[in-house]
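Data block below; observations after.
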Amino acid sequence: METNKKKKNKPLVIGIAGGSGSGKTTIAREIRKKLPNDRILAVTQDAYYKDNAGIPMEERRKINYDHPDAYDMPLMIKQLNQLLNWQAVDMPVYDFTKLTRSSETVHVEPAGIILLEGILVLTDKRLRDMMDIKVFVDNDDDIRFIRRLKRDTEKRARSQEQVINQYLKTVKPMYNQFVEPSKRYADIIVPEGGHNHVAIHMLANQIRSILRNEDQF
């Protein structure tokens, strides 16, 4: 039996990559301010770190959290596919103070715009193939380090020594090996992160244009 009910278009997916402290979260927040907030879902790759509950804390501290293998990509891809098919998901929550996944989850309803943010979201072809717009947020190494130092000591219960050691041992080398090379996949490169208001405005306008063409806006 035929129906007059209009089929929903696939949600628009914007991937936002860049080094830790580059301004990815700020870019995502500023985009949300410029678009209908009830139409936007922010998904962070950090929520999909692997569950390390069965690993002693001393061993958890040795894990390279800036390597692609640190993430539960099968779960992330599965849940993104569900969201793209307008299905709700129970998204994991990661506890950065305990370095493992929380027992809690967050129930998330699908939305017409998905902002997919994380340092390595452009390195995985499966994720890139889901994206309509790919963004790389570029910023100076010193600025990224200072932001990371402030964030991790204030919000993630790390000492300055721990942050510095991790930056030198894994963060910087993995940025050079995985994150920075993924810039070549970006449709848009945003220098200076969230302070680049011109780029944010242009990106928001581009999203509006796509949605209008798909009769979603």
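In the structure tokens, chains take the letters A, B, ... in the order shown, each chain's residues start at 1, and ligands count up from 1 in the order shown.
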
For the interface of region 36-84 of chain A with region 124-147 of chain A (cut-off 9 Å, counting only C-alpha atoms), please tabulate each contacting residue of region 36-84 of chain A alongside its nearest pair of atoms and their separation in Å to one decimal, rows sorted by chain and increasing number, as JSON lines.
```
{"residue": "A:Pro68", "atom": "CA", "partner": "A:Asp124", "partner_atom": "CA", "distance": 8.6}
{"residue": "A:Ile77", "atom": "CA", "partner": "A:Leu127", "partner_atom": "CA", "distance": 7.1}
{"residue": "A:Leu80", "atom": "CA", "partner": "A:Met130", "partner_atom": "CA", "distance": 8.5}
{"residue": "A:Asn81", "atom": "CA", "partner": "A:Met130", "partner_atom": "CA", "distance": 8.5}
{"residue": "A:Leu84", "atom": "CA", "partner": "A:Met130", "partner_atom": "CA", "distance": 8.7}
```

Residues of region 138-195 of chain A within 10 Å of region 11-33 of chain A: nearest atom pair and distance (Å, one decimal) for each, counting only C-alpha atoms, sorted by chain and number, as JSON lines?
```
{"residue": "A:Asp138", "atom": "CA", "partner": "A:Ser22", "partner_atom": "CA", "distance": 6.2}
{"residue": "A:Asn139", "atom": "CA", "partner": "A:Ser22", "partner_atom": "CA", "distance": 5.3}
{"residue": "A:Asp140", "atom": "CA", "partner": "A:Ser22", "partner_atom": "CA", "distance": 7.8}
{"residue": "A:Asp141", "atom": "CA", "partner": "A:Ser22", "partner_atom": "CA", "distance": 8.5}
{"residue": "A:Asp142", "atom": "CA", "partner": "A:Gly21", "partner_atom": "CA", "distance": 9.7}
{"residue": "A:Ile143", "atom": "CA", "partner": "A:Gly21", "partner_atom": "CA", "distance": 7.4}
{"residue": "A:Arg144", "atom": "CA", "partner": "A:Gly21", "partner_atom": "CA", "distance": 4.3}
{"residue": "A:Phe145", "atom": "CA", "partner": "A:Gly21", "partner_atom": "CA", "distance": 6.7}
{"residue": "A:Ile146", "atom": "CA", "partner": "A:Gly21", "partner_atom": "CA", "distance": 7.9}
{"residue": "A:Arg147", "atom": "CA", "partner": "A:Gly21", "partner_atom": "CA", "distance": 5.3}
{"residue": "A:Arg148", "atom": "CA", "partner": "A:Gly21", "partner_atom": "CA", "distance": 5.4}
{"residue": "A:Leu149", "atom": "CA", "partner": "A:Gly21", "partner_atom": "CA", "distance": 9.0}
{"residue": "A:Lys150", "atom": "CA", "partner": "A:Gly21", "partner_atom": "CA", "distance": 9.7}
{"residue": "A:Arg151", "atom": "CA", "partner": "A:Gly21", "partner_atom": "CA", "distance": 8.6}
{"residue": "A:Tyr167", "atom": "CA", "partner": "A:Ser20", "partner_atom": "CA", "distance": 9.9}
{"residue": "A:Val171", "atom": "CA", "partner": "A:Ser20", "partner_atom": "CA", "distance": 8.0}
{"residue": "A:Lys172", "atom": "CA", "partner": "A:Gly19", "partner_atom": "CA", "distance": 9.0}
{"residue": "A:Met174", "atom": "CA", "partner": "A:Gly19", "partner_atom": "CA", "distance": 9.5}
{"residue": "A:Tyr175", "atom": "CA", "partner": "A:Gly19", "partner_atom": "CA", "distance": 6.4}
{"residue": "A:Asn176", "atom": "CA", "partner": "A:Gly19", "partner_atom": "CA", "distance": 9.5}
{"residue": "A:Phe178", "atom": "CA", "partner": "A:Gly19", "partner_atom": "CA", "distance": 9.8}
{"residue": "A:Val179", "atom": "CA", "partner": "A:Gly19", "partner_atom": "CA", "distance": 6.4}
{"residue": "A:Glu180", "atom": "CA", "partner": "A:Gly18", "partner_atom": "CA", "distance": 7.3}
{"residue": "A:Ser182", "atom": "CA", "partner": "A:Ala17", "partner_atom": "CA", "distance": 8.3}
{"residue": "A:Lys183", "atom": "CA", "partner": "A:Gly18", "partner_atom": "CA", "distance": 7.9}
{"residue": "A:Ala186", "atom": "CA", "partner": "A:Ala17", "partner_atom": "CA", "distance": 8.6}
{"residue": "A:Asp187", "atom": "CA", "partner": "A:Gly15", "partner_atom": "CA", "distance": 9.9}
{"residue": "A:Ile188", "atom": "CA", "partner": "A:Ile16", "partner_atom": "CA", "distance": 9.6}
{"residue": "A:Ile189", "atom": "CA", "partner": "A:Gly18", "partner_atom": "CA", "distance": 9.5}
{"residue": "A:Val190", "atom": "CA", "partner": "A:Ile27", "partner_atom": "CA", "distance": 9.1}
{"residue": "A:Pro191", "atom": "CA", "partner": "A:Ser22", "partner_atom": "CA", "distance": 9.1}
{"residue": "A:Glu192", "atom": "CA", "partner": "A:Ser22", "partner_atom": "CA", "distance": 7.6}
{"residue": "A:Gly193", "atom": "CA", "partner": "A:Gly23", "partner_atom": "CA", "distance": 4.5}
{"residue": "A:Gly194", "atom": "CA", "partner": "A:Ile27", "partner_atom": "CA", "distance": 5.0}
{"residue": "A:His195", "atom": "CA", "partner": "A:Gly23", "partner_atom": "CA", "distance": 8.4}
```

Would you export the selected residues with C-alpha atoms as a short mmCIF file (atom, residue, chain, number, x, y, z; two decimals), in the first residue's frame, please?
```cif
data_model
loop_
_atom_site.label_atom_id
_atom_site.label_comp_id
_atom_site.auth_asym_id
_atom_site.auth_seq_id
_atom_site.Cartn_x
_atom_site.Cartn_y
_atom_site.Cartn_z
CA ASP A 138 44.95 23.29 12.56
CA ASN A 139 46.80 25.05 15.34
CA ASP A 140 50.29 25.75 16.62
CA ASP A 141 51.97 22.91 18.56
CA ASP A 142 52.68 25.13 21.59
CA ILE A 143 49.07 26.29 21.82
CA ARG A 144 47.78 22.72 21.62
CA PHE A 145 50.18 21.57 24.35
CA ILE A 146 49.28 24.43 26.71
CA ARG A 147 45.56 23.76 26.26
CA ARG A 148 46.06 20.05 26.88
CA LEU A 149 48.13 20.74 30.00
CA LYS A 150 45.43 23.03 31.41
CA ARG A 151 42.61 20.61 30.56
CA TYR A 167 52.83 14.44 25.40
CA VAL A 171 50.79 12.58 21.92
CA LYS A 172 53.35 14.36 19.76
CA MET A 174 51.13 10.00 17.21
CA TYR A 175 50.15 13.45 15.98
CA ASN A 176 53.02 13.34 13.50
CA PHE A 178 48.50 9.70 12.28
CA VAL A 179 46.74 13.01 12.93
CA GLU A 180 48.65 15.52 10.81
CA SER A 182 44.96 12.90 7.87
CA LYS A 183 44.77 16.59 6.94
CA ALA A 186 39.91 17.31 4.70
CA ASP A 187 37.55 19.35 2.54
CA ILE A 188 38.13 22.36 4.79
CA ILE A 189 41.18 23.26 6.90
CA VAL A 190 40.51 25.72 9.73
CA PRO A 191 43.60 27.52 11.07
CA GLU A 192 43.54 28.92 14.62
CA GLY A 193 40.68 26.69 15.73
CA GLY A 194 37.69 28.28 17.42
CA HIS A 195 39.13 31.78 17.05
#
```

In chain A, what's strand (DSSP E) per DSSP? Answer as a count of residues only? 43

Skip Asp46 (chain A) itself and residues of its chain fewer than 3 positions away, then list as a PyMOL selection string all residues within 9 Å of it, counting only C-alpha atoms. chain A and resi 43+49+71+93-94+117-119

Selected residue of minimal separation from Trp86 (chain A) among A:Lys8, A:His201, A:Arg61, A:Lys98, counting only C-alpha atoms: A:Lys8

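Closest approach to Gln162 (chain A) from the set A:Ser103, A:Asp69, A:Lys62, A:Leu35 is made by A:Lys62, with distances taken over only C-alpha atoms.
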